[in-house]
Every structure is written in structure tokens, then in C-alpha cells.
Amino acid sequence: MHRILTPLTSAVTYSGWLHMFIPAAAASVWFFISDAFWAPLLFAVPIGLIPAMRLEEGIQAQLLLTPSERGRPDASIAAASSSSWAERWRTVLWLEVRLLISAGAILALWLPVASIELVLSAAGRPPGGLAEGLDPHWWNVLLAPLPIVPLLVLVVLGGRLSTAAARWLLGPSPTDRLTVLEGLTEELLERNRMARELHDSIGHALTVAVVQAGAARTANDPAFTERALAAIEETGRDALEDLERVLRVLRESGTPVSRRPTLAEAERLLDSARSSGAKVDARVSGDIGLVPAPVSREGYRILQESLTNVLRHAGPVSVRVTITVAGGRLELEVANPLSRAAGLPGSGSGLRGIRERAALLGGKARTESREDEWRVSVSLPLDGIRWSDAVHRSSGR
């Protein structure tokens, strides 16, 4: 009995009932004009072929049929416009199914009317509707609750049928699933990279602080203590800057993949480097707009990491940035003068992260010192790479 009554206490049961009546309200307008019941079914065909209709129906189905999944990347009902003719025709079929379900919901409204007729017949009024033919009598009141039972069953079953149909016909397409996989993969890689970066940066800062403080305590030299405190202050400030940069990425991790920056917004990275004192000479050749979104997003991150490494290891120096789109590839190079004091920047996690990003997209990253310059060169293919294949390769399977 508990399993039977539980759906009747769920809010989604009644929001699903509301979902069934929305198309019925629209179709009822037509019946004021004509009694051709097939006309709304025919009219649903051109409406369903509009790409935005799948988005509108998906949002409505998520809100009323699966509210617990709303906003989740793995939602069983997609909220996206049709991107293919197959999705358009599935939307048409969904509208047809929804109209038929709503017709059943309208017919079910005669059940509570029958209950009312049975109650009124107890006062001597001949019952009508579904109760027509019964003789007026007081005991008809005892029969009044009976039509409510099939009504409640129809409420539950209608909602579940609508949900099943929506998941089948409005469910995520392979493109939608690929986008979700892309977002989850990027988030995982970003978190792994941030964990390594925090370990390198904060661990280094704490080590320097402990060593300098211990040396200052034992040296008993005011001048040495002052230098040690200055070193601790500088190292701590650098660590705080690294931590703030990582926290900015964490705050951005909840942003949908489609809204994350691409190479089309690379100028703001260059302006940021210039505001830090670096002299940036940027050269772009080819059409950045031809770069697929996943490649462009990773290219942006690679450029960001490369410029960060320059400022961290070499300071505000001259930087040459070259971005080329040609021959089905994206070529990106960042070059800067070597800092003798800092040495070669090849042991941190930033360069390792650049190599991982390039490998994920089937590309290559090379770092080298040449002619008193430090260069980061990355080559990424514009096509012929699927995220799922790349993840498979990167996992070593």
C-alpha cells in the first residue's frame, strides 16, 4: 500500500499532470474554430521542425517532469535546439505523442465530474455524464469516491508515460553527450593540474619560509634576519598570487563549456601580460574562427599558461606570440629571452599541463632553449580527433 500511495505524495506527479494539460489548452483553441480533431496533429509537424522547438520542449519537460535533473550536465532530457534533421523529426514525434497523452488527460476529467453527479443524485437529481442511467438515491454518495481512484491512477501513469517518452525522444544526442564528456574531461584535467600546481607553489613557499625562519633564528644577525624576512615576504606573496590564480579557475569551473574563453578572446591575455610590464609582440595568421571550439578553448588555456610561465620565471620581458591557422592545424608559439637568474623553466607543473592538453587533442608540445630564447611550441590538429578517443589514449588503454 505504501508503494502505491507514495507517488501521490510527490510534487512531480502533479507537475507532470500539469505538463499533460499544456498542449490540451493550446489545442482547445482550435476546437472553437473547427471540430477536426486531427488538425492539431497535422499542425504539430511544421512546428516540430523548428530547431528551437526542441529547446523549448526540453526546458519545459525538465522543469515539470524531471525537476531533480534540471541544470545537470547528465540530464536524461536535453535542453538544446535541434542540430540535425533526425532530432527535428524526433521532436515532431514527441509533439504528436504529447498531444495524444493530453487528449487522454482531458477525457479523464470526466471522472471527477461523475463523482459530482453521484453526489448531486443523492438529492434526487438524475445523474448525467458517466453516471447517466443510475437512479437517484442517497446511497449514490457512497459510490462518489470510486471515479477518483482511476483518475489518480491516470495521473501517475500519464506522468510516467510522458517522462519515458520525453527521455526517448528528447534525450541527449551523441553531440550533446560529447559536449558533456568534454566538460567532465576538462574539469578533471583542470583539477589534477591545479592539485599539482598548488603542491609545487605552496609547498615551495612553505619550504622557503621554514628554512629562512630557522636560519634567521640561529644566525643571531639582524641584517641576515632582515634579508630572511624579505625573502619570506616575497615568496609568500608569489604563493598568494598563484593561489588566487588557481581559485579563479575553480570559480570558472562551473561555467558551461560553451561559455569558456577561446582564442577569439586571446587579446585580453595579451593585455594582461602587457599590464604586468611585459612587451608582447603578437602575430596572428589564418582565420581563428575556423578553429573548432574544443581546440580553441585548449589553445586559450595553453597560451594563458605559457604567458604565466614567462612572467613567473623571466619577469616582465619581451614576449613573442605567434598563432597560425593553416594546413588543418593550429600552431602556437610563445618565445621569451632566457633569464639567467631563474634558469630553465622546465621542472614545474605548468609545462607538464601544456603537454597534457596538447596530447589530449592529439597534438604535440615542445619546449626548448634556442639562441638565448625559451620557446614553447604547440601544434594541434583541427579535425580527425574525438574527445572520447583522446581520453582513451591518454588513459593508456
# chains A, B, ... in the order shown; residues from 1 in each chain; ligands from 1

$ residues_around --residues "segment 79-88 of chain A" --least-positions-apart "2" --cutoff "7 Å" --atoms "only C-alpha atoms" --output "PyMOL selection string"
chain A and resi 48-49+51-55+58-59+77+90-92

$ write_last_selection --atoms "N, CA, C and O atoms" --output "short mmCIF file (atom, residue, chain, number, x, y, z; two decimals), in the first residue's frame"
data_model
loop_
_atom_site.label_atom_id
_atom_site.label_comp_id
_atom_site.auth_asym_id
_atom_site.auth_seq_id
_atom_site.Cartn_x
_atom_site.Cartn_y
_atom_site.Cartn_z
N GLY A 48 7.20 21.24 -35.03
CA GLY A 48 8.29 20.43 -34.51
C GLY A 48 9.56 20.52 -35.32
O GLY A 48 10.65 20.24 -34.81
N LEU A 49 9.45 20.92 -36.59
CA LEU A 49 10.64 21.03 -37.44
C LEU A 49 11.44 22.30 -37.16
O LEU A 49 12.56 22.45 -37.66
N PRO A 51 13.99 24.28 -35.19
CA PRO A 51 15.05 23.81 -34.27
C PRO A 51 14.83 24.24 -32.82
O PRO A 51 15.08 23.47 -31.90
N ALA A 52 14.36 25.48 -32.62
CA ALA A 52 14.20 25.98 -31.24
C ALA A 52 13.10 25.26 -30.48
O ALA A 52 13.05 25.35 -29.25
N MET A 53 12.21 24.55 -31.18
CA MET A 53 11.11 23.87 -30.51
C MET A 53 11.64 22.77 -29.59
O MET A 53 11.10 22.53 -28.51
N ARG A 54 12.71 22.08 -30.00
CA ARG A 54 13.29 21.05 -29.14
C ARG A 54 13.84 21.66 -27.85
O ARG A 54 13.72 21.07 -26.77
N LEU A 55 14.43 22.84 -27.95
CA LEU A 55 14.92 23.53 -26.75
C LEU A 55 13.77 23.89 -25.82
O LEU A 55 13.83 23.65 -24.61
N GLY A 58 12.31 20.75 -24.31
CA GLY A 58 13.25 20.16 -23.35
C GLY A 58 13.25 20.90 -22.02
O GLY A 58 13.26 20.28 -20.95
N ILE A 59 13.25 22.24 -22.07
CA ILE A 59 13.22 23.04 -20.84
C ILE A 59 11.94 22.77 -20.07
O ILE A 59 11.95 22.59 -18.84
N ILE A 77 16.93 14.35 -20.16
CA ILE A 77 16.19 15.11 -21.17
C ILE A 77 17.03 16.32 -21.54
O ILE A 77 17.41 17.12 -20.67
N ARG A 90 12.31 13.72 -34.49
CA ARG A 90 12.01 13.16 -33.16
C ARG A 90 11.20 14.17 -32.34
O ARG A 90 10.34 13.78 -31.55
N THR A 91 11.47 15.46 -32.54
CA THR A 91 10.67 16.47 -31.86
C THR A 91 9.24 16.47 -32.37
O THR A 91 8.28 16.63 -31.59
N VAL A 92 9.07 16.28 -33.69
CA VAL A 92 7.72 16.17 -34.25
C VAL A 92 6.97 15.00 -33.62
O VAL A 92 5.81 15.13 -33.19
#

$ closest_residue --among "A:Ala78, A:Ala365, A:Val291, A:Ala122" --to "Leu170 of chain A" --atoms "only C-alpha atoms"
A:Ala78

$ closest_residue --among "A:Leu247, A:Tyr300, A:Glu234, A:Ala228" --to "Glu265 of chain A" --atoms "only C-alpha atoms"
A:Tyr300

$ atom_distance --atom1 "atom CA of Asp221 of chain A" --atom2 "atom CA of Ile202 of chain A"
27.6 Å

$ residues_around --residues "Leu332 of chain A" --least-positions-apart "3" --cutoff "6 Å" --atoms "only C-alpha atoms" --output "list in words"
Thr322, Ile323, Ser377 and Val378 of chain A

$ write_last_selection --atoms "N, CA and C atoms" --output "PDB file, in the first residue's frame"
ATOM      1  N   THR A 322      53.075  33.851 -31.477  1.00  0.00           N
ATOM      2  CA  THR A 322      52.699  33.579 -32.867  1.00  0.00           C
ATOM      3  C   THR A 322      51.574  32.550 -32.889  1.00  0.00           C
ATOM      4  N   ILE A 323      50.457  32.901 -33.515  1.00  0.00           N
ATOM      5  CA  ILE A 323      49.318  32.000 -33.660  1.00  0.00           C
ATOM      6  C   ILE A 323      49.032  31.843 -35.148  1.00  0.00           C
ATOM      7  N   SER A 377      56.333  25.607 -28.117  1.00  0.00           N
ATOM      8  CA  SER A 377      55.681  25.437 -29.412  1.00  0.00           C
ATOM      9  C   SER A 377      54.650  24.315 -29.308  1.00  0.00           C
ATOM     10  N   VAL A 378      53.447  24.603 -29.745  1.00  0.00           N
ATOM     11  CA  VAL A 378      52.347  23.636 -29.666  1.00  0.00           C
ATOM     12  C   VAL A 378      51.689  23.530 -31.031  1.00  0.00           C
TER      13      VAL A 378
END

$ closest_atom_pairs --of "segment 72-116 of chain A" --to "segment 156-166 of chain A" --cutoff "9 Å" --atoms "only C-alpha atoms" --output "CSV"
residue,atom,partner,partner_atom,distance
A:Ser76,CA,A:Ala166,CA,8.7
A:Ile77,CA,A:Ala166,CA,6.6
A:Trp94,CA,A:Ala166,CA,7.0
A:Val97,CA,A:Ala165,CA,7.7
A:Arg98,CA,A:Ser162,CA,7.1
A:Ile101,CA,A:Gly158,CA,7.0
A:Ser102,CA,A:Gly158,CA,8.8
A:Gly104,CA,A:Gly158,CA,8.5
A:Ala105,CA,A:Gly158,CA,7.7

$ write_last_selection --atoms "N, CA, C and O atoms" --output "PDB file, in the first residue's frame"
ATOM      1  N   SER A  76      18.710  13.431 -18.323  1.00  0.00           N
ATOM      2  CA  SER A  76      18.201  12.457 -19.291  1.00  0.00           C
ATOM      3  C   SER A  76      17.343  13.105 -20.366  1.00  0.00           C
ATOM      4  O   SER A  76      17.032  12.476 -21.378  1.00  0.00           O
ATOM      5  N   ILE A  77      16.927  14.347 -20.164  1.00  0.00           N
ATOM      6  CA  ILE A  77      16.190  15.110 -21.168  1.00  0.00           C
ATOM      7  C   ILE A  77      17.035  16.322 -21.538  1.00  0.00           C
ATOM      8  O   ILE A  77      17.411  17.117 -20.673  1.00  0.00           O
ATOM      9  N   TRP A  94       7.554  13.623 -30.779  1.00  0.00           N
ATOM     10  CA  TRP A  94       7.280  13.948 -29.376  1.00  0.00           C
ATOM     11  C   TRP A  94       6.021  14.803 -29.250  1.00  0.00           C
ATOM     12  O   TRP A  94       5.178  14.566 -28.379  1.00  0.00           O
ATOM     13  N   VAL A  97       2.988  12.580 -29.754  1.00  0.00           N
ATOM     14  CA  VAL A  97       2.742  11.756 -28.570  1.00  0.00           C
ATOM     15  C   VAL A  97       2.179  12.603 -27.441  1.00  0.00           C
ATOM     16  O   VAL A  97       1.241  12.198 -26.729  1.00  0.00           O
ATOM     17  N   ARG A  98       2.703  13.791 -27.292  1.00  0.00           N
ATOM     18  CA  ARG A  98       2.247  14.649 -26.202  1.00  0.00           C
ATOM     19  C   ARG A  98       0.796  15.070 -26.391  1.00  0.00           C
ATOM     20  O   ARG A  98       0.033  15.162 -25.414  1.00  0.00           O
ATOM     21  N   ILE A 101      -1.392  12.085 -25.417  1.00  0.00           N
ATOM     22  CA  ILE A 101      -1.453  11.931 -23.958  1.00  0.00           C
ATOM     23  C   ILE A 101      -2.362  13.005 -23.350  1.00  0.00           C
ATOM     24  O   ILE A 101      -3.152  12.738 -22.435  1.00  0.00           O
ATOM     25  N   SER A 102      -2.270  14.225 -23.880  1.00  0.00           N
ATOM     26  CA  SER A 102      -3.110  15.300 -23.344  1.00  0.00           C
ATOM     27  C   SER A 102      -4.586  15.041 -23.636  1.00  0.00           C
ATOM     28  O   SER A 102      -5.456  15.412 -22.838  1.00  0.00           O
ATOM     29  N   GLY A 104      -5.968  12.123 -23.629  1.00  0.00           N
ATOM     30  CA  GLY A 104      -6.371  11.203 -22.563  1.00  0.00           C
ATOM     31  C   GLY A 104      -6.582  11.923 -21.249  1.00  0.00           C
ATOM     32  O   GLY A 104      -7.488  11.578 -20.474  1.00  0.00           O
ATOM     33  N   ALA A 105      -5.760  12.947 -20.995  1.00  0.00           N
ATOM     34  CA  ALA A 105      -5.916  13.719 -19.754  1.00  0.00           C
ATOM     35  C   ALA A 105      -7.237  14.467 -19.740  1.00  0.00           C
ATOM     36  O   ALA A 105      -7.903  14.579 -18.698  1.00  0.00           O
TER      37      ALA A 105
END

$ atom_distance --atom1 "atom CA of Leu169 of chain A" --atom2 "atom CA of Ala61 of chain A"
11.3 Å

$ select_by_dssp --residues "segment 84-330 of chain A" --states "alpha helix (DSSP H)" --output "number ranges by chain"
A: 85-108, 110-121, 140-143, 148-169, 174-219, 222-252, 266-275, 293-313

$ closest_residue --among "A:Glu267, A:Glu241, A:Glu57, A:Asp372" --to "Arg312 of chain A" --atoms "only C-alpha atoms"
A:Glu241

$ atom_distance --atom1 "atom CA of Ala215 of chain A" --atom2 "atom CA of Gly236 of chain A"
17.0 Å

$ residues_around --residues "Asp271 of chain A" --least-positions-apart "6" --cutoff "12 Å" --atoms "only C-alpha atoms" --output "list of chain:residue names"
A:Glu265, A:Gly277, A:Ala278, A:Lys279, A:Val280, A:Asp281, A:Ala282, A:Gln304, A:Leu307

$ closest_residue --among "A:Thr262, A:Thr9, A:Thr308, A:Ser318" --to "Pro292 of chain A" --atoms "only C-alpha atoms"
A:Thr262
